[in-house]
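> Sending over a structure as structure tokens; questions will come in a sec.
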Amino acid sequence: MTVDAVVFDIGNVLIEWNPERHYDATIGEARRKEMFAAVDLHAINDRVDCGQPFRQTIEQAALEYPEFSTEILMWYHDWIKMAALAIPQSVALLRALRAKGIPVFALSNFGIESFEFAETKYPFLTDFDRRYISGRMGCVKPHALIYEMLEADCGVAPAGLLFADDRADNIATAQARGWQTHLFDGPRGWAERLVAETLLTRAEAGL
């Protein structure tokens with residue numbers, strides 16, 4: 001099938017997202033495991049990704065779990081350290097596609113404020129033709145609505161979209177809507193897929 005536009009997830013495709021790694025390095029693995037067993041920080045972050053205010057949401061969680069308040073507040077104050085580092089090979093693929101005039105979209109679960117902050121650290125986040133950020137849309141992957149909203153806005157038929165994401169549940173929803181998909185497990189495999197689709201040459205893909 002012809003690919004008319006390429007859709008990138010951001011977290012763990014273009015930017016590493018590993019809060020657990022940061023907590024292990026700062027408070028130790030044992031304390032991190034204790035906290036994550038008591039507090040579903042990823043579910044709290046999902047509320048941010050749906051558009052709730054970042055700082056207020058994290059501060060409220062810190063009040064609800066006073067025994068972990070200092071560590072929970074790190075989710076806000078140390079956020080950029082958890083979203084580090086960029087994945088340079090993936091960034092190069094994004095830019096190679098753009099250089100060839102292939103439309104490139106972002107579809108990512110991201111809070112409004114956290115995405116604005118990420119833009120200041122990762123300028124390539126402005127390189128997309130269109131950006132579909134969950135906090136601005138009020139809906140997160142893998143719910144079908146956010147995919148439907150992208151389709152309605154971009155004007156590309158589902159079968160013409162090639163979507164890379166590191167989570168199988170996000171991929172499954174895209175597949176159910178008729179998108180072409182790639183379960184991202186590293187930039188080399190993604191580069192090979194883009195070459196296989198004849199979107200890039202091996203040289204352009206850095207292979």
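Order determines the names: the first chain of the structure tokens is A, the second B, and so forth; residues in each chain are numbered 1 upward, and ligands are numbered 1 upward as they are shown.
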Can you pull out every residue within 8 Å of region 29-45 of chain A, counting only C-alpha atoms, but drop anything in the same chain fewer than 3 positions away, and send it as a CSV table (one decimal) with N, CA, C and O atoms, in the first residue's frame?


```
chain,number,residue,atom,x,y,z
A,20,GLU,N,11.3,5.7,35.7
A,20,GLU,CA,11.9,4.7,36.7
A,20,GLU,C,13.4,4.8,36.8
A,20,GLU,O,14.0,4.8,37.9
A,23,TYR,N,14.3,7.9,38.8
A,23,TYR,CA,14.1,7.7,40.3
A,23,TYR,C,15.1,6.7,40.9
A,23,TYR,O,15.6,6.9,42.0
A,24,ASP,N,15.5,5.7,40.1
A,24,ASP,CA,16.5,4.7,40.6
A,24,ASP,C,17.8,5.4,40.9
A,24,ASP,O,18.5,5.1,41.9
A,25,ALA,N,18.1,6.4,40.0
A,25,ALA,CA,19.4,7.1,40.1
A,25,ALA,C,19.4,8.1,41.2
A,25,ALA,O,20.5,8.5,41.7
A,48,VAL,N,-2.6,14.3,33.2
A,48,VAL,CA,-1.9,15.5,32.6
A,48,VAL,C,-2.0,15.3,31.1
A,48,VAL,O,-2.2,16.3,30.3
A,49,ASP,N,-1.8,14.1,30.6
A,49,ASP,CA,-1.8,13.9,29.1
A,49,ASP,C,-3.1,14.2,28.5
A,49,ASP,O,-3.3,14.4,27.3
A,57,THR,N,-1.8,19.1,39.1
A,57,THR,CA,-2.1,17.7,39.2
A,57,THR,C,-1.1,16.9,40.0
A,57,THR,O,-1.4,16.1,40.9
A,58,ILE,N,0.2,17.2,39.8
A,58,ILE,CA,1.3,16.5,40.5
A,58,ILE,C,1.3,17.0,42.0
A,58,ILE,O,1.5,16.2,42.9
A,61,ALA,N,-1.4,15.2,43.9
A,61,ALA,CA,-1.0,13.8,44.2
A,61,ALA,C,0.0,13.8,45.4
A,61,ALA,O,-0.1,12.9,46.2
A,65,TYR,N,-0.6,11.7,49.0
A,65,TYR,CA,0.4,10.7,49.5
A,65,TYR,C,1.6,11.3,50.2
A,65,TYR,O,2.7,11.4,49.6
A,68,PHE,N,5.2,10.1,50.4
A,68,PHE,CA,6.0,10.2,49.2
A,68,PHE,C,6.0,11.6,48.5
A,68,PHE,O,6.3,11.7,47.3
A,72,ILE,N,7.1,12.4,44.7
A,72,ILE,CA,6.1,12.7,43.7
A,72,ILE,C,6.3,14.1,43.0
A,72,ILE,O,6.2,14.2,41.8
```

> Identify, on the basis of only C-alpha atoms, every residue whose closest approach to Phe117 (chain A) does not exceed 10 Å; exclude the query and any residue fewer than 6 positions from it along the same chain; express the result as a VMD selection string.

chain A and resid 79 to 80 111

> Keeping only all heavy atoms, write the selected residues to a file as a PDB file, in the first residue's frame.


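Saved as out_39.pdb:
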```pdb
ATOM      1  N   TRP A  79      11.045  16.617  35.487  1.00  0.00           N
ATOM      2  CA  TRP A  79      10.415  15.968  34.336  1.00  0.00           C
ATOM      3  C   TRP A  79      11.362  15.849  33.147  1.00  0.00           C
ATOM      4  O   TRP A  79      11.451  14.795  32.515  1.00  0.00           O
ATOM      5  CB  TRP A  79       9.152  16.727  33.934  1.00  0.00           C
ATOM      6  CG  TRP A  79       8.483  16.083  32.762  1.00  0.00           C
ATOM      7  CD1 TRP A  79       7.575  15.067  32.785  1.00  0.00           C
ATOM      8  CD2 TRP A  79       8.714  16.375  31.380  1.00  0.00           C
ATOM      9  NE1 TRP A  79       7.230  14.698  31.508  1.00  0.00           N
ATOM     10  CE2 TRP A  79       7.919  15.486  30.630  1.00  0.00           C
ATOM     11  CE3 TRP A  79       9.520  17.284  30.707  1.00  0.00           C
ATOM     12  CZ2 TRP A  79       7.900  15.501  29.232  1.00  0.00           C
ATOM     13  CZ3 TRP A  79       9.515  17.293  29.320  1.00  0.00           C
ATOM     14  CH2 TRP A  79       8.705  16.412  28.599  1.00  0.00           C
ATOM     15  N   ILE A  80      12.095  16.911  32.838  1.00  0.00           N
ATOM     16  CA  ILE A  80      12.944  16.882  31.647  1.00  0.00           C
ATOM     17  C   ILE A  80      14.071  15.868  31.805  1.00  0.00           C
ATOM     18  O   ILE A  80      14.580  15.326  30.810  1.00  0.00           O
ATOM     19  CB  ILE A  80      13.510  18.285  31.314  1.00  0.00           C
ATOM     20  CG1 ILE A  80      13.985  18.333  29.861  1.00  0.00           C
ATOM     21  CG2 ILE A  80      14.607  18.677  32.280  1.00  0.00           C
ATOM     22  CD1 ILE A  80      12.914  18.139  28.823  1.00  0.00           C
ATOM     23  N   GLY A 111       1.349  16.128  27.984  1.00  0.00           N
ATOM     24  CA  GLY A 111       0.639  17.238  28.595  1.00  0.00           C
ATOM     25  C   GLY A 111       0.904  18.539  27.853  1.00  0.00           C
ATOM     26  O   GLY A 111       1.880  18.667  27.118  1.00  0.00           O
TER      27      GLY A 111
END
```

> Can you pull out the residues contacting Ala86 (chain A)? Cut-off 9 Å, using only C-alpha atoms, and skip same-chain residues under 6 positions away; I want them as a list in words.

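My reading of the contact set: Asn12, Val13, Leu14, Ile15, Glu16 and Tyr122 of chain A.
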
> As a list in words, which residues of region 2-207 of chain A does DSSP assign to strand (DSSP E or B)?

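Across region 2-207 of chain A, those assigned strand (DSSP E or B) are Ala5, Val6, Val7, Phe8, Gly11, Ile15, Ala86, Val104, Phe105, Ala106, Leu107, Ser108, Arg130, Arg131, Tyr132, Ile133, Leu161, Leu162, Phe163, Ala164, Asp165, Gln180, Thr181, His182 and Leu183 of chain A.
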
> Next, dump the selected residues to file, keeping only N, CA, C and O atoms, as a compact mmCIF listing (two decimals), in the first residue's frame.


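Once everything was written out, this is selection-v3.txt:
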```
# COMPACT_ATOMS: atom_id res chain seq x y z
N ALA A 5 1.60 9.61 4.36
CA ALA A 5 2.12 10.39 5.48
C ALA A 5 2.64 9.44 6.53
O ALA A 5 2.13 8.32 6.69
N VAL A 6 3.67 9.88 7.24
CA VAL A 6 4.29 9.07 8.29
C VAL A 6 3.98 9.72 9.64
O VAL A 6 4.12 10.94 9.80
N VAL A 7 3.55 8.89 10.59
CA VAL A 7 3.14 9.37 11.91
C VAL A 7 4.10 8.82 12.96
O VAL A 7 4.27 7.60 13.07
N PHE A 8 4.71 9.72 13.73
CA PHE A 8 5.64 9.34 14.79
C PHE A 8 4.99 9.51 16.15
O PHE A 8 4.45 10.59 16.46
N GLY A 11 7.44 9.77 22.70
CA GLY A 11 8.09 9.10 23.81
C GLY A 11 8.58 7.72 23.45
O GLY A 11 7.82 6.86 22.99
N ILE A 15 12.27 10.55 21.76
CA ILE A 15 12.84 10.97 23.05
C ILE A 15 12.69 9.80 24.02
O ILE A 15 11.61 9.22 24.12
N ALA A 86 17.32 12.55 23.68
CA ALA A 86 16.81 12.35 22.33
C ALA A 86 17.40 11.08 21.73
O ALA A 86 18.48 10.63 22.11
N VAL A 104 4.94 14.49 7.56
CA VAL A 104 5.28 13.81 8.80
C VAL A 104 4.47 14.43 9.93
O VAL A 104 4.51 15.65 10.13
N PHE A 105 3.74 13.58 10.66
CA PHE A 105 2.90 14.03 11.76
C PHE A 105 3.42 13.44 13.07
O PHE A 105 4.07 12.39 13.09
N ALA A 106 3.11 14.11 14.17
CA ALA A 106 3.33 13.56 15.51
C ALA A 106 1.99 13.19 16.10
O ALA A 106 1.01 13.95 15.97
N LEU A 107 1.92 12.04 16.76
CA LEU A 107 0.75 11.63 17.53
C LEU A 107 1.26 11.11 18.85
O LEU A 107 1.84 10.02 18.92
N SER A 108 1.07 11.91 19.91
CA SER A 108 1.76 11.59 21.16
C SER A 108 0.91 11.93 22.37
O SER A 108 0.19 12.94 22.39
N ARG A 130 2.32 18.40 11.03
CA ARG A 130 1.18 18.54 11.94
C ARG A 130 1.52 17.79 13.23
O ARG A 130 2.18 16.75 13.20
N ARG A 131 1.02 18.33 14.35
CA ARG A 131 1.30 17.72 15.64
C ARG A 131 -0.02 17.49 16.37
O ARG A 131 -0.80 18.44 16.57
N TYR A 132 -0.24 16.26 16.76
CA TYR A 132 -1.46 15.87 17.46
C TYR A 132 -1.05 15.46 18.88
O TYR A 132 -0.55 14.36 19.10
N ILE A 133 -1.23 16.39 19.81
CA ILE A 133 -0.76 16.24 21.18
C ILE A 133 -1.97 16.04 22.08
O ILE A 133 -2.89 16.87 22.10
N LEU A 161 -1.64 6.07 6.01
CA LEU A 161 -0.84 6.48 7.16
C LEU A 161 0.05 5.34 7.62
O LEU A 161 -0.41 4.20 7.77
N LEU A 162 1.33 5.63 7.85
CA LEU A 162 2.27 4.67 8.43
C LEU A 162 2.67 5.20 9.80
O LEU A 162 3.26 6.27 9.90
N PHE A 163 2.36 4.45 10.85
CA PHE A 163 2.47 4.91 12.23
C PHE A 163 3.49 4.08 12.99
O PHE A 163 3.41 2.85 13.02
N ALA A 164 4.46 4.75 13.63
CA ALA A 164 5.45 4.09 14.48
C ALA A 164 5.20 4.44 15.94
O ALA A 164 5.11 5.63 16.29
N ASP A 165 5.07 3.43 16.79
CA ASP A 165 4.83 3.62 18.22
C ASP A 165 5.48 2.46 18.95
O ASP A 165 5.57 1.36 18.39
N GLN A 180 -1.40 1.59 8.43
CA GLN A 180 -0.19 0.79 8.37
C GLN A 180 0.63 1.10 9.64
O GLN A 180 0.63 2.25 10.10
N THR A 181 1.28 0.11 10.20
CA THR A 181 1.92 0.33 11.50
C THR A 181 3.30 -0.30 11.58
O THR A 181 3.63 -1.21 10.82
N HIS A 182 4.07 0.23 12.55
CA HIS A 182 5.39 -0.33 12.86
C HIS A 182 5.57 -0.26 14.37
O HIS A 182 5.55 0.84 14.94
N LEU A 183 5.71 -1.42 15.01
CA LEU A 183 5.97 -1.45 16.44
C LEU A 183 7.45 -1.14 16.65
O LEU A 183 8.32 -1.96 16.33
```

> Compare A:Trp17, A:Phe124, A:Tyr147, A:Trp179 by their minimum atom-to-atom distance to Ser90 (chain A), counting only C-alpha atoms, and give me the closest one.

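Looking at the shortest contact to Ser90 (chain A), the residue is A:Phe124.
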
> Given only C-alpha atoms as the basis, pick out the residue of A:Gly135, A:Gly160, A:Pro19, A:Pro88 nearest to Ala174 (chain A).

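Checking each of A:Gly135, A:Gly160, A:Pro19, A:Pro88 against Ala174 (chain A), counting only C-alpha atoms, the winner is A:Gly160.
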
> Taking into account only C-alpha atoms, which residue in the set A:Leu145, A:Ala196, A:Leu150, A:Ala191 is nearest to Gln89 (chain A)?

A:Ala191

> Restricting the calculation to only C-alpha atoms: of A:Ala83, A:Ala152, A:Leu125, A:Ile102, which residue gets closest to Thr198 (chain A)?

A:Ile102

> Between CA of Ala144 (chain A) and CA of Cys50 (chain A), what is the spacing in Å?

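Separating CA of Cys50 (chain A) from CA of Ala144 (chain A) is a distance of 14.0 Å.
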
> For each of A:Gln175, A:Thr70, A:Thr2, A:Asn18, take the minimum atom-to-atom distance to Val156 (chain A), counting only C-alpha atoms, then give the residue where this is smallest.

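Of all the options, A:Thr2 lies closest to Val156 (chain A).
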
> Excluding same-chain residues fewer than 3 positions from Gly51 (chain A), what lies within 12 Å of it counting only C-alpha atoms, as a VMD selection string?

chain A and resid 44 to 48 54 to 57 109 to 115 133 to 140

> Could you give me, as a list in words, the residues within 8 Å of Glu204 (chain A), counting only C-alpha atoms and dropping anything in the same chain fewer than 3 positions from it?

Leu93, Ala96, Leu200, Thr201 and Leu207 of chain A

> How would you write, as a list in words, the set of residues in region 48-79 of chain A that DSSP gives as helix (DSSP H, G or I)?

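Across region 48-79 of chain A, those assigned helix (DSSP H, G or I) are Val48, Asp49, Phe54, Arg55, Gln56, Thr57, Ile58, Glu59, Gln60, Ala61, Ala62, Leu63, Glu64, Pro66, Glu67, Phe68, Ser69, Thr70, Glu71, Ile72, Leu73, Met74, Trp75, Tyr76, His77 and Trp79 of chain A.
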